[in-house]
Structure formats: C-alpha cells, structure tokens
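A short write-up of the structure that comes next.
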Amino acid sequence: MLDVRGLRVEFGGRTAAVRGASLRVSKGETHCLVGESGCGKSVTALAVMNLLARGAKRDAEVLSFAGQDLLRLSDSRMSRLRGDRMAMIFQEPMTSLNPAYTVGSQMTEVLRRHRGTPRAQAVDRAAELLGLVGITAPGMRLGQYPHQLSGGLRQRVMIAMALMCDPELLVADEPTTALDVTVQAQILRLLATLRRDLGLGILLITHDLGVVARVADRVSVMYAGEVVESAPTAELFAAPRHPYTRGLLRCVPVPGKTRRGEPLGSIPGVVPRIPPGFRGCAFRDRCEHAAPNCAGAVPRRPAGPEHEFLCTLPADWTLREAAA
Amino acid sequence: MTLFLLRRLAVALLVAMTVLTLSFMLTRLSGDLAISIAGPNATQQDVELIRRAYGLDRPLIVQYLDWIGRAVVGDFGTSYFFRERVAGLIGQRLPVTITLGLVGLAMALAVAIPLGIAAAVREGTWMDRTVMLVALVGQAMPSFWLGLLLMVVLGLQLQLLPISGTGSWEHYVMPGIVLAFSAIPALMRLTRSGMVEALSSDYIRTARAKGLTRFSILAKHALRNAAIPVVSIAAVQLGFMLGGSIVIETVFALHGVGFLAWESISKNDFPVVQAVVLVLALIYIALTLLADLLNAVLDPRLRAA
C-alpha cells in the first residue's frame with residue numbers, strides 16, 4: 001500500500017537527513033521504524049506525508065501510496081489525501097491540538113473538509129470514534145477544550161481525529177513517548193485493535209524496542225538516514241544481522257536472560273551528521289567489525305526471504321562467528 | 001468566566017479611582033489656579049474673589065471629595081472660558097474624537113493585518129523584509145509631519161480632500177490616515193510575530209496533517225491564536241489615538257476632545273482639563289476591559305484564569 005524506495009531528504013544542501021531509505025507498509029500491517037534520536041525516522045514519516053518544513057528537499061526513486069505517485073501529486077491533491085486516506089499522529093499530545101477550538105470542532109472539520117459531511121452527522125461520527133478509542137462520556141468531551149484534557153486523553157483524541165475518514169494508513173510518530181507507562185500500554189493496545197478491526201496499515205515510529213516487540217509485524221532499523229536492516233519482528237529479534245541492530249538489542253534488558261549486575265551493552269559514540277555526498281557505511285566509526293572496505297559501496301544483502309541488511313559482512317557472518 | 005469578569009471589573013474600578021485622584025492632583029500641582037484664572041493684570045482682591053467663587057479657598061481634601069462626588073454623577077462643573085457646562089462641552093466634542101479614532105483604527109487594521117500575515121507566510125523573503133522596512137520607516141515618521149505632508153499633497157496640490165474643519169466625512173480621511181500610520185507598525189509587527197509563532201506550532205502541523213485547505217490553516221487555526229496579542233495592542237492603540245489625537249486634531253483643526261484639551265490647557269481652564277483627562281482615561285480603561293473580554297472569547301484558557 002505504501003511503497004518507499006530510495007527516499008532522500010536534505011536540509012539546505014548541508015545535512016542529508018534521509019539517505020536512500022526504503023520501506024513498505026501493507027494493508028493491516030504494523031511496520032515499526034526504529035533507531036536512535038536523530039537517525040531520520042521522523043523526517044522519513046514527515047516526508048511520506050509531505051509535511052516537511054520549508055527548505056527541506058525531498059526525492060525518491062519510488063514514493064507511492066495506494067497506486068498514486070506522491071512525488072508528482074500537487075500540493076492541493078496531496079492535502080486531499082492527507083487526513084482522508086492517510087493520517088498522522090504525533091509525539092507531542094500536549095501541543096498538537098489547537099488550544100482555541102473545542103475537541104468537537106477540531107474533529108468534525110476533518111470530515112467536513114474531505115467528505116462535506118453536515119455538522120450534525122460529523123458530530124455523531126466524532127462521538128462514535130471517541131467511544132472507540134475508549135473515552136467515556138464522549139458527548140461532554142466534544143465540548144471541551146484541549147487544556148481541559150490530560151495528555152493521554154489528548155493523544156486518544158488525536159487518534160480518534162486521525163480515524164475520522166477511515167484512513168488506510170496511519171503514520172504514528174512516537175505516539176506514546178510523552179505518556180506514562182500505563183497510558184502507553186492502553187494506546188498500544190488501541191492501535192493493535194484498530195489494525196485488526198479496521199484493517200489499518202500502521203507505520204509506527206519509535207525508539208522503544210519494547211514497543212516494537214509488542215506490536216510490530218515488521219521492523220526496519222534506521223541509522224543515519226538509511227534503513228540498515230529490515231525483517232519480520234520475530235526474525236529480527238532472534239537473528240539480527242547488522243552490527244548496529246545487534247548493538248541496539250544488546251542495550252535492552254531481557255528478563256530471564258540478562259543476569260542481575262551484568263552491565264547492559266551500549267554503542268559508543270553518537271549518530272554522526274552526514275553531509276550530502278557521503279560514501280560508504282555511516283556506522284563504520286562506531287562498528288566493532290569495521291574493515292577498510294566499509295568506506296566503499298555497501299551492498300544490500302538478503303538474509304532470508306523477507307530479511308535484508310546493509311553491510312559489507314556476508315549474510316552468514318553471525319553463524320561463522322559463533323562457530324569460531 | 002464570571003470570576004474572570006468580576007476580577008477584571010474590580011481592577012478596572014481601581015484604576016478608574018486612581019485616575020480620578022491623579023487628574024485632580026495634576027491640575028493643582030500646576031500652580032495657584034486662582035492666580036492663573038485671574039490673569040496677569042488682576043489685583044490681589046480679584047484673586048481672592050476668584051478663589052472664593054471657585055471654592056479654591058477650601059482645604060484640598062474637601063475640594064477633592066467635592067470633585068469626586070460630582071464627577072461620579074457626571075458633573076464636572078462649568079468651564080471658566082466657555083462659560084458652559086463641562087459635561088456638555090465634552091459631550092459635543094467626543095463623537096468627533098471617537099469617530100476619528102475608529103476611522104484610524106479601522107484603516108490601521110485593514111493594512112496591518114493582511115501585511116503582517118503576508119510577511120509571516122513569506123518569512124525571510126524579500127516580501128517580509130520590505131514589509132518590515134516600511135514598518136520601521138513608519139515608526140520613525142512624526143505624525144504632525146506626515147499630517148502636513150498630506151495636507152500639502154492631497155489638500156493643496158491635488159485638492160482631493162479638505163485640509164481642515166469637521167464638516168463632512170472627507171474631513172476625517174487625512175487625520176485618519178495619519179493616526180493609522182502611527183498605529184500600523186506595532187500592529188503589523190505583532191501580527192507577523194504572532195503568525196510566525198503560530199505557523200511553526202505543533203497544532204498547525206496537525207492541521208496540515210488533517211489535509212485542511214491553506215485558507216483554513218491560516219485564517220482559522222493560525223490567525224485565531226495570533227490575534228490575541230493584536231487585540232490587546234489594538235485596544236491600547238485606540239486609547240492612544242483618542243488621547244493622542246490632540247496633535248492631529250490641532251493640525252487639522254478638527255473640533256474634537258483633543259482640540260478642546262489643547263484650547264483649555266492654553267487657557268488654564270482647569271475644570272475642562274481635569275474632565276478631559278478623566279474621560280479619556282475612563283475610555284482607555286473601558287477599552288482595556290473590552291480587549292480582555294475579546295481575548296477570553298478567543299482563548300478558552302484565559303476564561304479559567
């Protein structure tokens with residue numbers, strides 16, 4: 001449904017935020033995009049929605065949604081698609097709603113814009129969706145202003161608002177990061193339900209591997225603007241191939257596996273800022289397997305039918321290392 | 001909302017009381033009123049007579065309480081110069097000043113808001129820079145000079161508009177432009193900065209993610225939030241226009257309250273001066289209150305405060 005190949009985003013010709021990222025989201029699938037802060041996850045999401053700030057340059061080999069080439073779509077055609085067939089929710093529930101308008105006004109305007117639905121019907125739909133995302137007394141909430149709601153409620157409102165037009169794709173940029181753990185769990189459960197009941201395709205951006213393990217069908221690991229590894233969730237956790245993915249997974253404690261008192265893994269250094277025209281593997285300065293050929297072209301290696309990674313190491317290097 | 005209203009009203013009342021006191025004190029501070037009313041050729045006897053006639057021989061506190069007691073019911077006494085009731089004098093002149101102020105504000109808003117929005121939308125481009133440069137120039141230009149310039153060009157050379165007097169609506173055009181000119185820079189800057197801030201906010205990103213039209217994003221979502229400081233300043237500006245129209249009304253010989261104030265100051269007609277200061281201050285207070293109410297309508301968060 002969503003097909004992104006070779007996506008590039010540059011800011012003012014100085015920083016290459018996304019460098020040839022590729023990913024796909026199918027109907028009813030939850031695809032998680034993970035990585036450290038600054039690796040280009042959010043920029044990728046915004047680029048898909050064409051919501052990048054002015055001054056950002058977007059290019060791709062393929063950027064299509066439901067058979068439409070998003071690169072060629074005019075701004076006004078794109079805005080007809082946004083909020084209607086593809087919706088997005090954000091990391092900051094506290095500031096993402098307009099403080100000057102009621103929840104009801106902000107929710108109904110989506111339906112009125114895209115479907116021309118009369119106000120009364122739009123209000124009914126808004127109330128129905130607030131109920132669906134688990135908000136009690138939806139009638140009362142519709143008349144309230146954002147400042148009267150908690151962060152968790154606001155994020156639910158955002159989700160309900162995103163669903164007003166029954167979108168096929170939901171792009172969720174760290175929707176639970178700003179929320180406390182119990183609310184986080186509720187929101188994730190809600191997203192899983194929506195995917196199952198509405199056949200919603202979800203592109204979920206997160207840096208939290210716990211979230212990935214809970215909800216993702218498929219995971220893409222992003223590093224310095226590139227998708228360095230992509231695989232079905234179980235396979236990625238069981239047999240990661242890219243040294244960066246392995247490093248990430250070592251940073252997460254696993255109950256029963258990580259021994260008490262044993263230090264967790266960490267990856268030294270930070271994500272570098274990559275200038276345009278950079279060649280070779282961006283991870284090589286932080287990689288324990290770095291070799292001279294990492295400065296050259298990096299091949300995309302298959303490691304299974306649905307699993308590939310971007311590295312100079314051979315696909316079976318982990319097995320050989322284990323044997324040695 | 002009721003609590004908010006009551007609180008604002010209480011503050012307004014307090015300010016009004018302070019102004020009442022100040023306007024009384026200011027006129028007494030400017031020297032012995034009896035001497036200045038009597039004029040330079042008066043004898044000591046005349047001065048004493050005047051002092052008694054106007055009640056200036058009473059203790060200050062009695063004069064003060066008397067003044068408050070009368071002011072509250074709208075009795076400001078009689079003008080020494082015009083020999084008319086002060087309330088009546090102001091009543092005649094006020095419509096002229098208010099009309100002028102409203103014309104000025106309407107012109108200012110009509111120019112400042114669209115330009116401010118345009119500058120914000122094209123932030124950092126030549127358009128933005130030009131608009132801000134014009135604002136700077138406008139702020140630096142003295143209003144009496146602009147008034148004279150307009151008179152010469154529009155009044156004398158092109159003969160499009162009358163240069164002085166109060167007779168018709170045409171008399172308000174030039175003074176209105178001059179007043180508007182002084183208010184435009186501040187209103188425009190505020191509109192621009194408010195819009196720039198609003199447009200970079202998360203809720204505008206949400207509005208774009210919802211696929212709303214450009215018009216709806218600008219006019220509904222951004223402007224409503226950007227308007228809040230503009231409303232406050234517009235009220236203050238209108239207050240300034242009403243009070244500060246003294247220069248403009250003098251330049252254009254427009255017979256409003258400002259012109260009256262100028263006349264009575266130069267003739268030491270203290271009941272009129274006192275009353276004009278008070279009336280303008282009360283209007284100012286009312287405008288501030290109105291701005292607070294408008295802001296509460298615009299921003300629901302203020303209603304809770």
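Ligands are numbered from 1 in the order shown, chains are lettered A, B, ... in the order of the structure tokens, and residues start at 1 in each chain.
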
Could you list the residues in chain A lying within 7 Å of chain B, using only C-alpha atoms, and format the result as a list in words?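 Listed by rising number, the hits are Ser79, Arg80, Leu81, Arg82, Gly83, Ala87, Met88, Thr95, Ser96, Leu97, Asn98, Ala100, Val110, Arg113 and His147 of chain A.
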
As a CSV table (one decimal) with N, CA and C atoms, in the first residue's frame, please: the residues near region 276-292 of chain B (cut-off 10 Å, only C-alpha atoms, same-chain neighbours under 4 positions excluded).
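Writing the result to selection-v2.csv gives the following:
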```csv
chain,number,residue,atom,x,y,z
B,4,PHE,N,-13.7,35.5,36.3
B,4,PHE,CA,-12.8,36.3,35.4
B,4,PHE,C,-13.3,37.7,35.2
B,5,LEU,N,-14.6,37.8,34.9
B,5,LEU,CA,-15.3,39.1,34.6
B,5,LEU,C,-15.2,39.9,35.8
B,8,ARG,N,-11.7,41.3,36.5
B,8,ARG,CA,-11.3,42.3,35.6
B,8,ARG,C,-12.0,43.7,35.9
B,9,LEU,N,-13.3,43.5,36.3
B,9,LEU,CA,-14.1,44.7,36.6
B,9,LEU,C,-13.5,45.4,37.8
B,11,VAL,N,-10.5,45.4,38.9
B,11,VAL,CA,-9.2,46.0,38.6
B,11,VAL,C,-9.5,47.3,37.8
B,12,ALA,N,-10.5,47.3,36.9
B,12,ALA,CA,-10.8,48.5,36.1
B,12,ALA,C,-11.3,49.6,37.1
B,13,LEU,N,-12.1,49.2,38.1
B,13,LEU,CA,-12.7,50.2,39.0
B,13,LEU,C,-11.6,50.8,39.8
B,15,VAL,N,-8.4,51.2,38.9
B,15,VAL,CA,-7.7,52.1,38.1
B,15,VAL,C,-8.4,53.4,37.9
B,16,ALA,N,-9.7,53.3,37.7
B,16,ALA,CA,-10.6,54.5,37.5
B,16,ALA,C,-10.5,55.4,38.7
B,17,MET,N,-10.5,54.8,39.9
B,17,MET,CA,-10.4,55.6,41.1
B,17,MET,C,-9.0,56.4,41.1
B,19,VAL,N,-7.2,57.2,38.6
B,19,VAL,CA,-7.1,58.2,37.6
B,19,VAL,C,-7.9,59.5,38.1
B,20,LEU,N,-9.0,59.2,38.8
B,20,LEU,CA,-9.8,60.3,39.3
B,20,LEU,C,-9.0,61.2,40.2
B,21,THR,N,-8.2,60.5,41.1
B,21,THR,CA,-7.4,61.2,42.1
B,21,THR,C,-6.2,61.9,41.3
B,22,LEU,N,-5.6,61.2,40.4
B,22,LEU,CA,-4.5,61.8,39.6
B,22,LEU,C,-4.9,63.1,38.9
B,23,SER,N,-6.1,63.0,38.2
B,23,SER,CA,-6.5,64.1,37.4
B,23,SER,C,-6.8,65.3,38.3
B,24,PHE,N,-7.2,65.1,39.5
B,24,PHE,CA,-7.5,66.2,40.5
B,24,PHE,C,-6.1,66.8,40.9
B,26,LEU,N,-3.1,66.6,39.4
B,26,LEU,CA,-2.3,67.2,38.4
B,26,LEU,C,-2.6,68.7,38.2
B,71,ALA,N,-18.0,64.3,40.1
B,71,ALA,CA,-17.6,63.5,38.9
B,71,ALA,C,-18.3,62.2,38.7
B,74,GLY,N,-21.3,62.7,36.9
B,74,GLY,CA,-21.1,63.3,35.6
B,74,GLY,C,-21.1,64.8,35.6
B,76,PHE,N,-19.0,68.0,36.0
B,76,PHE,CA,-17.6,68.4,36.1
B,76,PHE,C,-17.5,69.9,36.3
B,86,VAL,N,-19.1,71.7,31.6
B,86,VAL,CA,-18.0,70.9,31.0
B,86,VAL,C,-18.6,69.6,30.4
B,87,ALA,N,-19.5,69.0,31.1
B,87,ALA,CA,-20.0,67.7,30.6
B,87,ALA,C,-20.6,67.9,29.2
B,89,LEU,N,-19.8,70.3,27.0
B,89,LEU,CA,-18.7,70.6,26.1
B,89,LEU,C,-18.1,69.3,25.6
B,90,ILE,N,-17.8,68.4,26.6
B,90,ILE,CA,-17.1,67.1,26.2
B,90,ILE,C,-18.1,66.3,25.4
B,94,LEU,N,-16.8,64.7,21.9
B,94,LEU,CA,-16.5,63.3,22.0
B,94,LEU,C,-16.8,62.6,20.7
B,98,ILE,N,-14.1,60.2,18.8
B,98,ILE,CA,-14.3,58.7,18.7
B,98,ILE,C,-14.4,58.3,17.2
B,228,ILE,N,-4.6,37.2,19.5
B,228,ILE,CA,-4.8,37.5,20.9
B,228,ILE,C,-3.9,38.7,21.3
B,229,PRO,N,-2.6,38.7,21.0
B,229,PRO,CA,-1.8,40.0,21.4
B,229,PRO,C,-2.2,41.2,20.5
B,230,VAL,N,-2.7,40.9,19.3
B,230,VAL,CA,-3.0,42.0,18.4
B,230,VAL,C,-4.3,42.7,19.0
B,231,VAL,N,-5.2,42.0,19.5
B,231,VAL,CA,-6.4,42.6,20.1
B,231,VAL,C,-6.0,43.5,21.2
B,232,SER,N,-5.1,43.0,22.1
B,232,SER,CA,-4.7,43.8,23.3
B,232,SER,C,-4.1,45.1,22.8
B,233,ILE,N,-3.2,45.0,21.8
B,233,ILE,CA,-2.5,46.2,21.4
B,233,ILE,C,-3.4,47.1,20.6
B,234,ALA,N,-4.4,46.5,19.9
B,234,ALA,CA,-5.3,47.4,19.1
B,234,ALA,C,-6.1,48.2,20.1
B,235,ALA,N,-6.5,47.7,21.2
B,235,ALA,CA,-7.3,48.4,22.2
B,235,ALA,C,-6.4,49.5,22.8
B,236,VAL,N,-5.2,49.2,23.1
B,236,VAL,CA,-4.3,50.2,23.6
B,236,VAL,C,-4.0,51.3,22.6
B,237,GLN,N,-3.9,50.9,21.3
B,237,GLN,CA,-3.6,51.9,20.3
B,237,GLN,C,-4.8,52.8,20.1
B,238,LEU,N,-6.0,52.2,20.2
B,238,LEU,CA,-7.2,53.1,20.1
B,238,LEU,C,-7.2,54.1,21.2
B,239,GLY,N,-6.9,53.6,22.4
B,239,GLY,CA,-6.8,54.6,23.5
B,239,GLY,C,-5.8,55.7,23.2
B,240,PHE,N,-4.6,55.3,22.7
B,240,PHE,CA,-3.6,56.3,22.3
B,240,PHE,C,-4.1,57.3,21.3
B,242,LEU,N,-7.2,58.1,20.7
B,242,LEU,CA,-8.2,59.0,21.3
B,242,LEU,C,-7.5,60.1,22.1
B,243,GLY,N,-6.5,59.7,22.9
B,243,GLY,CA,-5.8,60.6,23.8
B,243,GLY,C,-4.8,61.4,23.0
B,244,GLY,N,-4.1,60.7,22.1
B,244,GLY,CA,-3.1,61.3,21.3
B,244,GLY,C,-3.5,62.1,20.1
B,257,VAL,N,-12.2,66.2,21.2
B,257,VAL,CA,-11.8,66.4,22.6
B,257,VAL,C,-10.4,66.8,22.7
B,258,GLY,N,-9.5,66.3,21.8
B,258,GLY,CA,-8.1,66.7,21.8
B,258,GLY,C,-7.9,68.2,21.5
B,260,LEU,N,-10.2,70.4,22.2
B,260,LEU,CA,-10.7,71.0,23.4
B,260,LEU,C,-9.6,71.1,24.5
B,261,ALA,N,-9.0,69.9,24.6
B,261,ALA,CA,-7.9,69.8,25.6
B,261,ALA,C,-6.8,70.9,25.4
B,264,SER,N,-8.1,74.3,26.3
B,264,SER,CA,-8.3,74.6,27.7
B,264,SER,C,-7.0,74.6,28.5
B,270,PHE,N,-9.1,74.8,34.1
B,270,PHE,CA,-8.8,73.5,34.8
B,270,PHE,C,-10.0,72.6,34.9
B,271,PRO,N,-11.2,73.0,35.1
B,271,PRO,CA,-12.3,72.0,35.1
B,271,PRO,C,-12.4,71.2,33.8
B,272,VAL,N,-12.1,71.9,32.7
B,272,VAL,CA,-12.2,71.1,31.4
B,272,VAL,C,-11.0,70.2,31.3
B,296,ALA,N,-10.7,36.7,26.0
B,296,ALA,CA,-11.3,35.5,26.7
B,296,ALA,C,-12.2,34.7,25.7
B,297,VAL,N,-12.8,35.5,24.8
B,297,VAL,CA,-13.6,34.8,23.7
B,297,VAL,C,-12.7,34.0,22.8
B,298,LEU,N,-11.5,34.6,22.5
B,298,LEU,CA,-10.6,34.0,21.5
B,298,LEU,C,-9.9,32.8,22.2
B,302,LEU,N,-7.9,31.5,28.9
B,302,LEU,CA,-8.0,32.7,29.7
B,302,LEU,C,-9.2,32.7,30.6
B,303,ARG,N,-10.3,32.1,30.1
B,303,ARG,CA,-11.6,32.1,30.8
B,303,ARG,C,-11.4,31.4,32.2
```

Shell of 7 Å around Glu174 (chain A), only C-alpha atoms, local chain residues under 2 positions omitted, as a ChimeraX atom specification: /A:90-91,172,176-177,205-206

Write the residues of the selection above to a file with C-alpha atoms, as a short mmCIF file (atom, residue, chain, number, x, y, z; two decimals), in the first residue's frame.
```cif
data_model
loop_
_atom_site.label_atom_id
_atom_site.label_comp_id
_atom_site.auth_asym_id
_atom_site.auth_seq_id
_atom_site.Cartn_x
_atom_site.Cartn_y
_atom_site.Cartn_z
CA PHE A 90 2.47 12.97 16.65
CA GLN A 91 4.74 12.66 19.61
CA ALA A 172 2.30 7.38 14.14
CA THR A 176 3.46 7.03 23.29
CA THR A 177 6.81 8.59 24.14
CA ILE A 205 7.96 5.25 14.60
CA THR A 206 9.61 4.55 17.90
#
```

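You can rank A:Glu10, A:Leu203, A:Gly152, A:Leu319 by their closest distance to Val181 (chain A) using only C-alpha atoms, and at the top of that list sits A:Gly152.
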
Mind checking which residues fall within 7 Å of Pro167 (chain A), counting only C-alpha atoms, ignoring those fewer than 6 positions away in the same chain, and posting them as a PDB file with N, CA and C atoms, in the first residue's frame?
```
ATOM      1  N   ASP A  84      -7.542  12.103   4.958  1.00  0.00           N
ATOM      2  CA  ASP A  84      -8.625  11.315   4.396  1.00  0.00           C
ATOM      3  C   ASP A  84      -8.189   9.849   4.294  1.00  0.00           C
ATOM      4  N   ARG A  85      -7.227   9.563   3.404  1.00  0.00           N
ATOM      5  CA  ARG A  85      -6.801   8.176   3.228  1.00  0.00           C
ATOM      6  C   ARG A  85      -5.516   7.871   3.980  1.00  0.00           C
ATOM      7  N   MET A  86      -4.714   8.894   4.260  1.00  0.00           N
ATOM      8  CA  MET A  86      -3.542   8.673   5.101  1.00  0.00           C
ATOM      9  C   MET A  86      -3.532   9.720   6.213  1.00  0.00           C
ATOM     10  N   ALA A  87      -3.407   9.249   7.463  1.00  0.00           N
ATOM     11  CA  ALA A  87      -3.488  10.158   8.598  1.00  0.00           C
ATOM     12  C   ALA A  87      -2.217  10.040   9.425  1.00  0.00           C
TER      13      ALA A  87
END
```
